[in-house]
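Shown below: my_file-v3.txt, with compact mmCIF, C-alpha atoms.
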```
# COMPACT_ATOMS: atom_id res chain seq x y z
CA MET A 1 -27.01 -10.18 -25.57
CA PRO A 2 -29.91 -9.92 -28.04
CA ALA A 3 -31.48 -6.85 -26.40
CA LEU A 4 -28.19 -4.96 -26.61
CA ARG A 5 -27.88 -5.75 -30.30
CA GLU A 6 -31.22 -3.97 -30.78
CA ARG A 7 -30.85 -1.06 -28.36
CA LEU A 8 -27.34 0.06 -29.28
CA PRO A 9 -28.03 0.66 -33.01
CA ALA A 10 -31.24 2.52 -32.14
CA TRP A 11 -29.38 4.75 -29.68
CA LEU A 12 -26.69 5.50 -32.25
CA ALA A 13 -29.23 6.12 -35.02
CA ALA A 14 -30.94 8.72 -32.83
CA GLY A 15 -27.63 10.57 -32.51
CA HIS A 16 -27.73 10.27 -28.73
CA HIS A 17 -23.98 9.58 -28.63
CA GLY A 18 -23.22 13.15 -29.74
CA THR A 19 -19.67 13.53 -31.00
CA MET A 20 -18.49 10.29 -29.41
CA ASP A 21 -17.75 8.71 -32.78
CA TRP A 22 -15.82 5.91 -31.12
CA MET A 23 -19.13 4.55 -29.85
CA GLU A 24 -20.27 4.02 -33.44
CA GLU A 25 -16.97 2.97 -34.99
CA ARG A 26 -16.76 -0.30 -33.04
CA ALA A 27 -20.45 -0.87 -32.32
CA ASP A 28 -20.28 -4.46 -33.60
CA GLN A 29 -17.70 -5.33 -30.94
CA ARG A 30 -19.77 -3.66 -28.22
CA ALA A 31 -22.89 -5.62 -29.04
CA VAL A 32 -21.09 -8.98 -29.47
CA PRO A 33 -18.21 -9.43 -26.97
CA ALA A 34 -16.75 -12.35 -28.92
CA ALA A 35 -16.14 -9.92 -31.79
CA LEU A 36 -13.58 -8.21 -29.56
CA TRP A 37 -11.77 -11.46 -28.76
CA ALA A 38 -12.92 -14.52 -30.69
CA GLU A 39 -11.62 -16.92 -28.03
CA THR A 40 -13.95 -15.52 -25.36
CA ARG A 41 -16.00 -18.20 -23.63
CA SER A 42 -16.78 -16.47 -20.34
CA ILE A 43 -16.77 -12.92 -18.99
CA VAL A 44 -16.14 -12.15 -15.33
CA MET A 45 -17.50 -8.75 -14.30
CA LEU A 46 -16.26 -7.01 -11.17
CA GLY A 47 -17.17 -3.81 -9.41
CA MET A 48 -15.29 -1.65 -6.92
CA ASN A 49 -17.15 0.65 -4.55
CA ALA A 50 -16.35 4.32 -5.15
CA GLY A 51 -19.02 5.93 -3.01
CA PRO A 52 -18.43 9.57 -2.00
CA GLN A 53 -17.96 10.58 1.62
CA THR A 54 -20.36 13.54 1.35
CA ASP A 55 -23.50 14.44 -0.59
CA PRO A 56 -22.43 15.60 -4.09
CA LEU A 57 -25.49 17.86 -4.32
CA GLU A 58 -24.09 20.05 -1.56
CA LEU A 59 -21.24 21.08 -3.87
CA THR A 60 -23.64 22.49 -6.45
CA ARG A 61 -24.84 25.08 -3.95
CA LEU A 62 -21.37 26.63 -3.49
CA LYS A 63 -21.53 29.09 -6.38
CA ASP A 64 -18.01 30.51 -6.05
CA ARG A 65 -16.50 27.02 -5.94
CA ALA A 66 -16.28 24.18 -8.41
CA ALA A 67 -18.32 20.99 -8.30
CA ILE A 68 -16.29 18.02 -9.54
CA ALA A 69 -17.82 14.58 -10.03
CA ALA A 70 -17.05 12.27 -7.12
CA TYR A 71 -15.08 9.75 -9.18
CA ALA A 72 -12.77 12.51 -10.47
CA GLN A 73 -11.85 13.83 -7.02
CA ARG A 74 -9.44 10.95 -6.63
CA ARG A 75 -6.82 8.94 -8.45
CA ASP A 76 -7.85 7.71 -11.90
CA TYR A 77 -9.83 4.55 -11.20
CA HIS A 78 -8.60 2.92 -14.42
CA ASP A 79 -5.14 2.55 -12.91
CA VAL A 80 -6.38 1.16 -9.60
CA ILE A 81 -8.90 -1.34 -10.98
CA LYS A 82 -6.73 -2.59 -13.81
CA GLY A 83 -4.02 -3.63 -11.38
CA LYS A 84 -6.51 -5.64 -9.37
CA LEU A 85 -8.00 -7.19 -12.50
CA LYS A 86 -4.57 -8.32 -13.66
CA GLU A 87 -3.95 -9.94 -10.29
CA LEU A 88 -7.29 -11.77 -10.34
CA GLY A 89 -6.95 -12.60 -14.04
CA GLY A 90 -3.56 -14.15 -13.41
CA PHE A 91 -5.07 -16.33 -10.69
CA LEU A 92 -7.92 -17.38 -12.97
CA SER A 93 -5.56 -18.14 -15.83
CA ALA A 94 -3.30 -20.21 -13.59
CA ARG A 95 -6.24 -22.24 -12.21
CA SER A 96 -7.88 -22.84 -15.59
CA GLY A 97 -4.79 -23.11 -17.76
CA GLN A 98 -6.48 -20.74 -20.23
CA PRO A 99 -5.57 -17.16 -21.22
CA VAL A 100 -7.51 -14.07 -20.17
CA LYS A 101 -7.77 -10.42 -21.17
CA VAL A 102 -8.68 -7.56 -18.80
CA PHE A 103 -10.51 -4.34 -19.67
CA VAL A 104 -11.34 -1.19 -17.69
CA ASP A 105 -13.18 1.23 -19.95
CA THR A 106 -10.31 0.92 -22.45
CA ALA A 107 -12.02 -1.17 -25.15
CA PRO A 108 -15.49 -1.45 -26.71
CA VAL A 109 -16.98 -3.39 -23.81
CA MET A 110 -20.54 -2.71 -22.66
CA GLU A 111 -19.78 -3.10 -18.98
CA LYS A 112 -23.22 -2.28 -17.60
CA PRO A 113 -25.31 -4.82 -19.54
CA LEU A 114 -22.63 -7.43 -18.91
CA ALA A 115 -22.61 -6.60 -15.20
CA GLN A 116 -26.39 -7.01 -15.07
CA ALA A 117 -26.10 -10.37 -16.84
CA ALA A 118 -23.49 -11.37 -14.25
CA GLY A 119 -25.79 -10.46 -11.36
CA LEU A 120 -23.87 -7.43 -10.03
CA GLY A 121 -26.83 -5.11 -10.38
CA TRP A 122 -29.23 -3.66 -12.94
CA GLN A 123 -29.19 -0.65 -15.23
CA GLY A 124 -31.35 1.98 -13.64
CA LYS A 125 -33.54 4.52 -15.38
CA HIS A 126 -30.48 6.79 -15.52
CA THR A 127 -28.69 3.96 -17.43
CA VAL A 128 -26.09 3.52 -14.66
CA LEU A 129 -25.64 0.18 -12.91
CA ILE A 130 -27.35 -0.02 -9.49
CA SER A 131 -26.29 -2.54 -6.88
CA ARG A 132 -28.45 -3.50 -3.93
CA GLU A 133 -25.28 -3.50 -1.79
CA HIS A 134 -23.46 -0.44 -3.14
CA GLY A 135 -26.06 1.79 -4.76
CA ASN A 136 -24.91 3.27 -8.06
CA TRP A 137 -21.32 4.02 -7.09
CA LEU A 138 -19.63 0.94 -8.57
CA MET A 139 -16.66 1.23 -10.93
CA LEU A 140 -16.67 -1.73 -13.32
CA GLY A 141 -14.02 -3.91 -14.91
CA ALA A 142 -14.11 -7.04 -17.06
CA ILE A 143 -12.06 -10.21 -17.46
CA PHE A 144 -12.57 -12.01 -20.75
CA ALA A 145 -11.63 -15.68 -20.36
CA ARG A 146 -11.21 -18.62 -22.70
CA ALA A 147 -12.23 -20.97 -19.89
CA GLU A 148 -15.85 -22.14 -19.63
CA LEU A 149 -17.23 -20.82 -16.34
CA GLU A 150 -20.57 -21.44 -14.67
CA PRO A 151 -22.78 -18.37 -15.21
CA ASP A 152 -24.39 -16.45 -12.37
CA THR A 153 -28.05 -15.48 -12.27
CA PRO A 154 -28.75 -12.11 -13.96
CA GLU A 155 -30.07 -9.34 -11.73
CA THR A 156 -33.59 -8.03 -12.26
CA ASP A 157 -34.78 -4.44 -12.33
CA HIS A 158 -35.68 -2.94 -8.93
CA CYS A 159 -36.37 0.69 -9.90
CA GLY A 160 -40.13 0.28 -9.67
CA SER A 161 -42.03 3.55 -10.17
CA CYS A 162 -39.18 5.73 -8.91
CA ARG A 163 -38.03 8.45 -11.29
CA ARG A 164 -35.91 10.66 -9.04
CA CYS A 165 -32.89 10.38 -11.31
CA ILE A 166 -34.91 11.51 -14.33
CA ASP A 167 -36.65 14.40 -12.61
CA ILE A 168 -33.53 15.93 -11.07
CA CYS A 169 -31.51 16.16 -14.29
CA PRO A 170 -30.75 19.88 -14.84
CA THR A 171 -30.74 19.55 -18.64
CA ASN A 172 -33.50 16.96 -19.14
CA ALA A 173 -31.04 14.50 -20.65
CA PHE A 174 -33.40 11.51 -20.30
CA PRO A 175 -35.97 11.48 -23.13
CA ALA A 176 -37.47 8.37 -21.51
CA PRO A 177 -36.60 6.01 -18.65
CA TYR A 178 -33.50 3.94 -19.45
CA ARG A 179 -32.55 6.27 -22.32
CA LEU A 180 -29.85 8.94 -22.15
CA ASP A 181 -29.34 11.66 -24.75
CA ALA A 182 -25.65 12.36 -24.16
CA ARG A 183 -25.87 15.62 -26.11
CA ARG A 184 -27.83 17.12 -23.20
CA CYS A 185 -25.88 15.43 -20.39
CA ILE A 186 -23.63 17.68 -18.29
CA ALA A 187 -21.07 14.90 -17.91
CA TYR A 188 -20.80 14.67 -21.70
CA LEU A 189 -20.82 18.44 -22.22
CA THR A 190 -18.06 19.11 -19.69
CA ILE A 191 -15.85 16.08 -20.43
CA GLU A 192 -16.37 14.60 -23.90
CA HIS A 193 -17.59 17.62 -25.89
CA HIS A 194 -14.72 19.60 -27.43
CA GLY A 195 -16.40 22.69 -28.86
CA PRO A 196 -18.41 25.53 -27.33
CA ILE A 197 -21.06 24.33 -24.91
CA PRO A 198 -24.49 25.10 -26.43
CA THR A 199 -25.93 28.27 -24.91
CA GLU A 200 -29.19 26.63 -23.85
CA TYR A 201 -27.38 24.35 -21.38
CA ARG A 202 -24.89 26.76 -19.84
CA GLU A 203 -27.04 28.14 -17.05
CA SER A 204 -28.16 24.64 -16.05
CA ILE A 205 -24.53 23.55 -15.74
CA GLY A 206 -24.17 25.81 -12.71
CA ASN A 207 -20.79 25.33 -11.06
CA ARG A 208 -20.19 21.82 -12.43
CA VAL A 209 -16.76 21.96 -14.07
CA PHE A 210 -16.18 18.22 -14.58
CA GLY A 211 -19.04 15.79 -14.74
CA CYS A 212 -22.32 15.68 -12.85
CA ASP A 213 -23.52 13.43 -10.01
CA ASP A 214 -27.11 14.65 -9.64
CA CYS A 215 -28.88 11.57 -11.03
CA LEU A 216 -26.56 9.31 -9.03
CA ALA A 217 -26.86 11.22 -5.77
CA VAL A 218 -30.65 10.94 -5.51
CA CYS A 219 -30.93 7.18 -6.08
CA PRO A 220 -32.69 5.68 -3.02
CA TRP A 221 -30.59 2.52 -3.29
CA ASN A 222 -27.61 4.56 -2.10
CA LYS A 223 -28.90 4.14 1.44
CA PHE A 224 -27.07 0.82 1.42
CA ALA A 225 -23.85 2.29 -0.01
CA GLY A 226 -20.76 3.16 1.97
CA ALA A 227 -17.82 5.39 1.17
CA ALA A 228 -14.99 3.89 -0.86
CA ARG A 229 -12.64 1.80 1.30
CA GLU A 230 -9.79 1.42 -1.20
CA THR A 231 -7.14 3.84 0.07
CA ARG A 232 -5.93 4.56 -3.46
CA LEU A 233 -9.41 5.82 -4.29
CA ALA A 234 -9.59 8.21 -1.35
CA ALA A 235 -10.94 11.63 -2.33
CA ARG A 236 -8.44 14.48 -2.35
CA ASP A 237 -9.36 17.33 -0.03
CA ASP A 238 -8.15 19.94 -2.52
CA LEU A 239 -10.63 18.69 -5.14
CA ALA A 240 -13.73 18.64 -2.93
CA ALA A 241 -14.80 22.21 -3.74
CA PRO A 242 -11.85 24.23 -5.11
CA PRO A 243 -12.38 27.99 -5.57
CA LEU A 244 -13.25 28.90 -9.15
CA ALA A 245 -10.77 31.78 -9.04
CA ASP A 246 -7.91 29.39 -8.30
CA LEU A 247 -8.85 27.11 -11.19
CA ALA A 248 -9.20 29.99 -13.62
CA ARG A 249 -5.64 31.10 -12.90
CA LEU A 250 -4.01 27.78 -13.70
CA ASP A 251 -1.66 27.83 -16.67
CA ASP A 252 -0.94 24.61 -18.55
CA ALA A 253 1.88 23.56 -16.23
CA GLY A 254 -0.21 24.37 -13.18
CA PHE A 255 -3.17 22.42 -14.55
CA ARG A 256 -1.03 19.35 -15.19
CA ALA A 257 0.50 19.51 -11.73
CA ARG A 258 -2.80 20.11 -9.94
CA PHE A 259 -4.63 17.23 -11.61
CA ALA A 260 -1.81 14.74 -12.15
CA GLY A 261 -3.06 11.16 -11.77
CA THR A 262 -6.75 12.15 -11.90
CA PRO A 263 -9.30 11.74 -14.73
CA ILE A 264 -9.44 15.53 -15.08
CA LYS A 265 -5.99 15.74 -16.61
CA ARG A 266 -7.17 13.86 -19.70
CA THR A 267 -9.50 16.68 -20.76
CA GLY A 268 -6.65 19.16 -21.12
CA ARG A 269 -6.41 22.63 -19.66
CA ASP A 270 -8.38 24.49 -22.36
CA ARG A 271 -11.51 22.35 -22.18
CA PHE A 272 -11.40 22.49 -18.40
CA LEU A 273 -10.97 26.28 -18.41
CA ARG A 274 -13.98 26.56 -20.73
CA ASN A 275 -16.02 24.79 -18.03
CA VAL A 276 -14.59 26.97 -15.26
CA LEU A 277 -15.54 30.13 -17.15
CA ILE A 278 -19.10 28.85 -17.62
CA ALA A 279 -19.26 28.26 -13.86
CA ILE A 280 -17.87 31.74 -13.22
CA GLY A 281 -20.59 33.19 -15.43
CA ASN A 282 -23.18 31.29 -13.39
CA SER A 283 -21.74 32.36 -10.05
CA GLY A 284 -23.39 35.79 -9.94
CA ASP A 285 -20.25 36.90 -8.09
CA ALA A 286 -18.91 40.23 -9.39
CA ALA A 287 -15.62 39.49 -7.61
CA LEU A 288 -14.99 36.78 -10.21
CA ALA A 289 -15.55 39.08 -13.18
CA GLU A 290 -11.87 39.83 -13.63
CA GLU A 291 -11.14 36.13 -14.04
CA ALA A 292 -13.58 36.15 -16.95
CA VAL A 293 -11.91 39.27 -18.37
CA ALA A 294 -8.54 37.52 -18.23
CA GLY A 295 -10.00 34.70 -20.30
CA LEU A 296 -10.56 37.09 -23.20
CA GLN A 297 -6.84 36.89 -23.94
CA GLU A 298 -6.69 33.10 -24.16
CA PRO A 299 -5.41 31.71 -27.49
CA ASP A 300 -8.11 29.01 -27.71
CA PRO A 301 -11.27 30.49 -29.33
CA VAL A 302 -13.54 28.11 -27.40
CA VAL A 303 -12.11 29.45 -24.15
CA ARG A 304 -12.46 33.05 -25.38
CA GLY A 305 -16.09 32.42 -26.27
CA ALA A 306 -16.82 31.11 -22.79
CA ALA A 307 -15.04 34.14 -21.32
CA VAL A 308 -17.20 36.51 -23.38
CA TRP A 309 -20.32 34.73 -22.14
CA ALA A 310 -19.15 34.96 -18.52
CA CYS A 311 -18.35 38.66 -18.92
CA GLY A 312 -21.82 39.21 -20.34
CA ARG A 313 -23.31 37.67 -17.21
CA LEU A 314 -21.22 39.58 -14.68
CA LEU A 315 -20.37 43.00 -16.14
CA ALA A 316 -22.33 46.17 -16.89
CA ARG A 317 -23.05 46.94 -20.54
CA GLU A 318 -20.71 49.94 -20.61
CA ARG A 319 -17.78 47.80 -19.45
CA LEU A 320 -18.67 45.16 -22.03
CA HIS A 321 -18.52 47.73 -24.82
CA ASP A 322 -15.07 48.86 -23.64
CA LEU A 323 -13.90 45.25 -23.57
CA PHE A 324 -15.24 44.69 -27.04
CA ASP A 325 -13.22 47.63 -28.33
CA ALA A 326 -10.12 46.13 -26.69
CA HIS A 327 -10.62 42.45 -27.50
CA GLY A 328 -13.59 41.72 -29.72
CA ARG A 329 -13.50 44.19 -32.58
CA ASN A 330 -10.86 42.19 -34.45
CA GLU A 331 -11.98 38.75 -33.27
CA PRO A 332 -11.30 36.30 -36.13
CA GLU A 333 -13.56 33.44 -34.97
CA ALA A 334 -17.20 33.61 -36.07
CA HIS A 335 -18.57 31.83 -33.02
CA VAL A 336 -16.72 34.20 -30.67
CA ARG A 337 -18.06 37.21 -32.59
CA GLU A 338 -21.52 35.76 -32.05
CA GLU A 339 -20.79 35.50 -28.33
CA TRP A 340 -19.90 39.20 -28.36
CA ARG A 341 -23.13 40.04 -30.19
CA GLU A 342 -25.17 38.15 -27.60
CA ALA A 343 -23.26 39.64 -24.67
CA THR A 344 -23.36 43.26 -25.80
CA GLY A 345 -26.77 43.24 -27.44
CA LEU A 346 -25.39 45.07 -30.45
CA PRO A 347 -25.96 44.07 -34.08
CA MET A 348 -23.01 42.30 -35.63
CA GLU A 349 -21.50 43.29 -38.96
CA ALA A 350 -18.46 41.97 -40.75
CA ASN A 351 -16.21 44.32 -38.82
CA GLY A 352 -17.91 43.89 -35.49
CA PRO A 353 -20.99 45.23 -33.68
CA ARG A 354 -22.20 48.76 -34.04
CA GLU A 355 -24.86 50.78 -32.31
CA THR A 356 -27.96 51.67 -34.29
```

Starting from the file, lay out its structure as structure tokens.
Amino acid sequence: MPALRERLPAWLAAGHHGTMDWMEERADQRAVPAALWAETRSIVMLGMNAGPQTDPLELTRLKDRAAIAAYAQRRDYHDVIKGKLKELGGFLSARSGQPVKVFVDTAPVMEKPLAQAAGLGWQGKHTVLISREHGNWLMLGAIFARAELEPDTPETDHCGSCRRCIDICPTNAFPAPYRLDARRCIAYLTIEHHGPIPTEYRESIGNRVFGCDDCLAVCPWNKFAGAARETRLAARDDLAAPPLADLARLDDAGFRARFAGTPIKRTGRDRFLRNVLIAIGNSGDAALAEEAVAGLQEPDPVVRGAAVWACGRLLARERLHDLFDAHGRNEPEAHVREEWREATGLPMEANGPRET
């Protein structure tokens, strides 16, 4: 894949991968599949439809509830697809007499360019694979085979002049068509990013607590897509639009129980709570203010910082000053002290803010 060998280093050099160091560490294997397994002679790419049953954009309008990306409202697709790949790979190995290896987002495999080369679809301007039969809701898996297989015809680009996916992005994460700056992407910020979410993106995140479907939801090719038919990928009703208050009250055990078997569990409770508190701050709902206040007592400083920001959005200045006296005056973390300074509007000194 000559084009990939050029595009991937340029993307990494621009820093568009953010803190996803694993993208850079094994870049040579991503660009050249045979570097991952030297015996590779053919790659079989497969996609499973994971289309949502409802419009994901509707969830973003429910300010007191959480918007969760469609793929995460169900069982972790890695488990479902890998089982099917092993079954198909076993059949292929038995017919060809040659070994195979299967991958589902668990190795440095560039699934989308490979899927385009295999004719499954094309990478749209939002960089996600688009299928003429399933829109952009395909979950991909790969079978690396030692057998020589007849190649399929690569798919061509059918985006035309459309730029709906680019224009709808709340954080302007696409510096150009077919280029994604992950550092601005809500999916990256709420899932992959471990530290405080940069202030300039928090309001745009809205109520999205895990991922973002905006650029996917507006693709016109979705008119041919149907909802997922695999029963093990059925969306869970309790994850469609859960109340933010309920999510904010989950302790670690409750978080693990609530999201067992879903992709959300892999982020951990603290990172997820950070996202929930950002959504609470964006809700404009004074009834949720006490959930933000409770977050001030969290041991994780990233969570506390998000709680301070949410309090600053929902509470009167006088209440904020009282809370600072109770929680912020002895705050040891510099970034949380800065959150207090921004929330209260008071100058910050070594021992905390003071009025002038």

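In this model, the gap between atom CA of Ala257 of chain A and atom CA of Val80 of chain A comes to 19.7 Å.
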
Pick from A:Ile68, A:Ala94, A:Ala117, A:Leu233 nearest to Asn49 of chain A, counting all atoms listed in the file: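 The answer is A:Leu233, which sits nearest to Asn49 of chain A.
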
Residue nearest Pro243 of chain A - candidates A:Ile81, A:Leu46, A:Val276, A:Ala145, atoms counted: only C-alpha atoms: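 Going through A:Ile81, A:Leu46, A:Val276, A:Ala145 one by one, the smallest distance to Pro243 of chain A is for A:Val276.
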
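Atom CA of Asp246 of chain A is found 26.5 Å from atom CA of Glu200 of chain A.
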
Residues within 12 Å of (-28.4, 9.2, -7.5), file coords, all atoms listed in the file, listed as a PyMOL selection string: chain A and resi 51-52+55-57+70+124-131+134-137+159+162-169+212-223+225

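With all atoms listed in the file as the atoms that count, the residue of A:Leu12, A:Ile191, A:Leu277, A:Ala31 with the shortest distance to Asn207 of chain A is A:Leu277.
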
Extract segment 256-266 of chain A from the preceding block and save all heavy atoms as a tab-separated table (two decimals), in the first residue's frame.
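Wrote out_21.tsv, looks like this:
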```tsv
chain	number	residue	atom	x	y	z
A	256	ARG	N	-18.31	-0.89	37.06
A	256	ARG	CA	-17.93	-2.16	36.45
A	256	ARG	C	-19.15	-3.04	36.17
A	256	ARG	O	-19.22	-3.70	35.14
A	256	ARG	CB	-16.94	-2.89	37.36
A	256	ARG	CG	-15.58	-2.22	37.44
A	256	ARG	CD	-14.68	-2.91	38.47
A	256	ARG	NE	-13.38	-2.30	38.51
A	256	ARG	CZ	-12.37	-2.60	37.69
A	256	ARG	NH1	-12.54	-3.56	36.78
A	256	ARG	NH2	-11.21	-2.00	37.77
A	257	ALA	N	-20.09	-3.01	37.09
A	257	ALA	CA	-21.29	-3.83	36.90
A	257	ALA	C	-22.17	-3.27	35.78
A	257	ALA	O	-22.70	-4.03	34.96
A	257	ALA	CB	-22.08	-3.89	38.21
A	258	ARG	N	-22.31	-1.96	35.74
A	258	ARG	CA	-23.18	-1.32	34.76
A	258	ARG	C	-22.67	-1.53	33.33
A	258	ARG	O	-23.46	-1.75	32.39
A	258	ARG	CB	-23.28	0.18	35.06
A	258	ARG	CG	-24.14	1.00	34.09
A	258	ARG	CD	-25.60	0.80	34.37
A	258	ARG	NE	-26.45	1.59	33.50
A	258	ARG	CZ	-26.98	2.78	33.83
A	258	ARG	NH1	-26.73	3.30	35.02
A	258	ARG	NH2	-27.74	3.42	32.99
A	259	PHE	N	-21.35	-1.48	33.17
A	259	PHE	CA	-20.80	-1.51	31.81
A	259	PHE	C	-20.03	-2.79	31.51
A	259	PHE	O	-19.24	-2.83	30.55
A	259	PHE	CB	-19.90	-0.30	31.61
A	259	PHE	CG	-20.64	1.00	31.74
A	259	PHE	CD1	-20.38	1.85	32.81
A	259	PHE	CD2	-21.61	1.36	30.83
A	259	PHE	CE1	-21.07	3.05	32.95
A	259	PHE	CE2	-22.31	2.55	30.96
A	259	PHE	CZ	-22.04	3.40	32.02
A	260	ALA	N	-20.26	-3.83	32.27
A	260	ALA	CA	-19.60	-5.11	32.02
A	260	ALA	C	-19.89	-5.60	30.61
A	260	ALA	O	-21.03	-5.57	30.14
A	260	ALA	CB	-20.08	-6.15	33.04
A	261	GLY	N	-18.83	-6.03	29.90
A	261	GLY	CA	-19.00	-6.56	28.55
A	261	GLY	C	-19.12	-5.52	27.46
A	261	GLY	O	-19.26	-5.88	26.29
A	262	THR	N	-19.06	-4.22	27.81
A	262	THR	CA	-19.15	-3.16	26.81
A	262	THR	C	-17.79	-2.48	26.65
A	262	THR	O	-16.93	-2.57	27.52
A	262	THR	CB	-20.18	-2.09	27.22
A	262	THR	OG1	-19.64	-1.29	28.29
A	262	THR	CG2	-21.49	-2.74	27.67
A	263	PRO	N	-17.60	-1.74	25.55
A	263	PRO	CA	-16.33	-1.01	25.37
A	263	PRO	C	-16.10	0.03	26.45
A	263	PRO	O	-14.94	0.40	26.71
A	263	PRO	CB	-16.49	-0.36	24.00
A	263	PRO	CG	-17.50	-1.20	23.28
A	263	PRO	CD	-18.45	-1.66	24.35
A	264	ILE	N	-17.15	0.53	27.08
A	264	ILE	CA	-17.01	1.61	28.06
A	264	ILE	C	-16.18	1.18	29.26
A	264	ILE	O	-15.41	1.97	29.82
A	264	ILE	CB	-18.41	2.08	28.52
A	264	ILE	CG1	-19.19	2.62	27.32
A	264	ILE	CG2	-18.30	3.15	29.60
A	264	ILE	CD1	-20.64	2.94	27.62
A	265	LYS	N	-16.29	-0.07	29.64
A	265	LYS	CA	-15.59	-0.54	30.83
A	265	LYS	C	-14.09	-0.35	30.72
A	265	LYS	O	-13.41	-0.12	31.72
A	265	LYS	CB	-15.93	-2.02	31.08
A	265	LYS	CG	-15.34	-2.56	32.37
A	265	LYS	CD	-15.68	-4.03	32.56
A	265	LYS	CE	-15.02	-4.58	33.81
A	265	LYS	NZ	-15.28	-6.03	33.98
A	266	ARG	N	-13.56	-0.41	29.48
A	266	ARG	CA	-12.11	-0.32	29.31
A	266	ARG	C	-11.55	1.06	29.64
A	266	ARG	O	-10.36	1.19	29.91
A	266	ARG	CB	-11.73	-0.72	27.88
A	266	ARG	CG	-11.94	-2.20	27.60
A	266	ARG	CD	-11.47	-2.60	26.21
A	266	ARG	NE	-12.38	-2.17	25.16
A	266	ARG	CZ	-12.10	-1.25	24.25
A	266	ARG	NH1	-10.95	-0.64	24.27
A	266	ARG	NH2	-12.99	-0.94	23.31
```
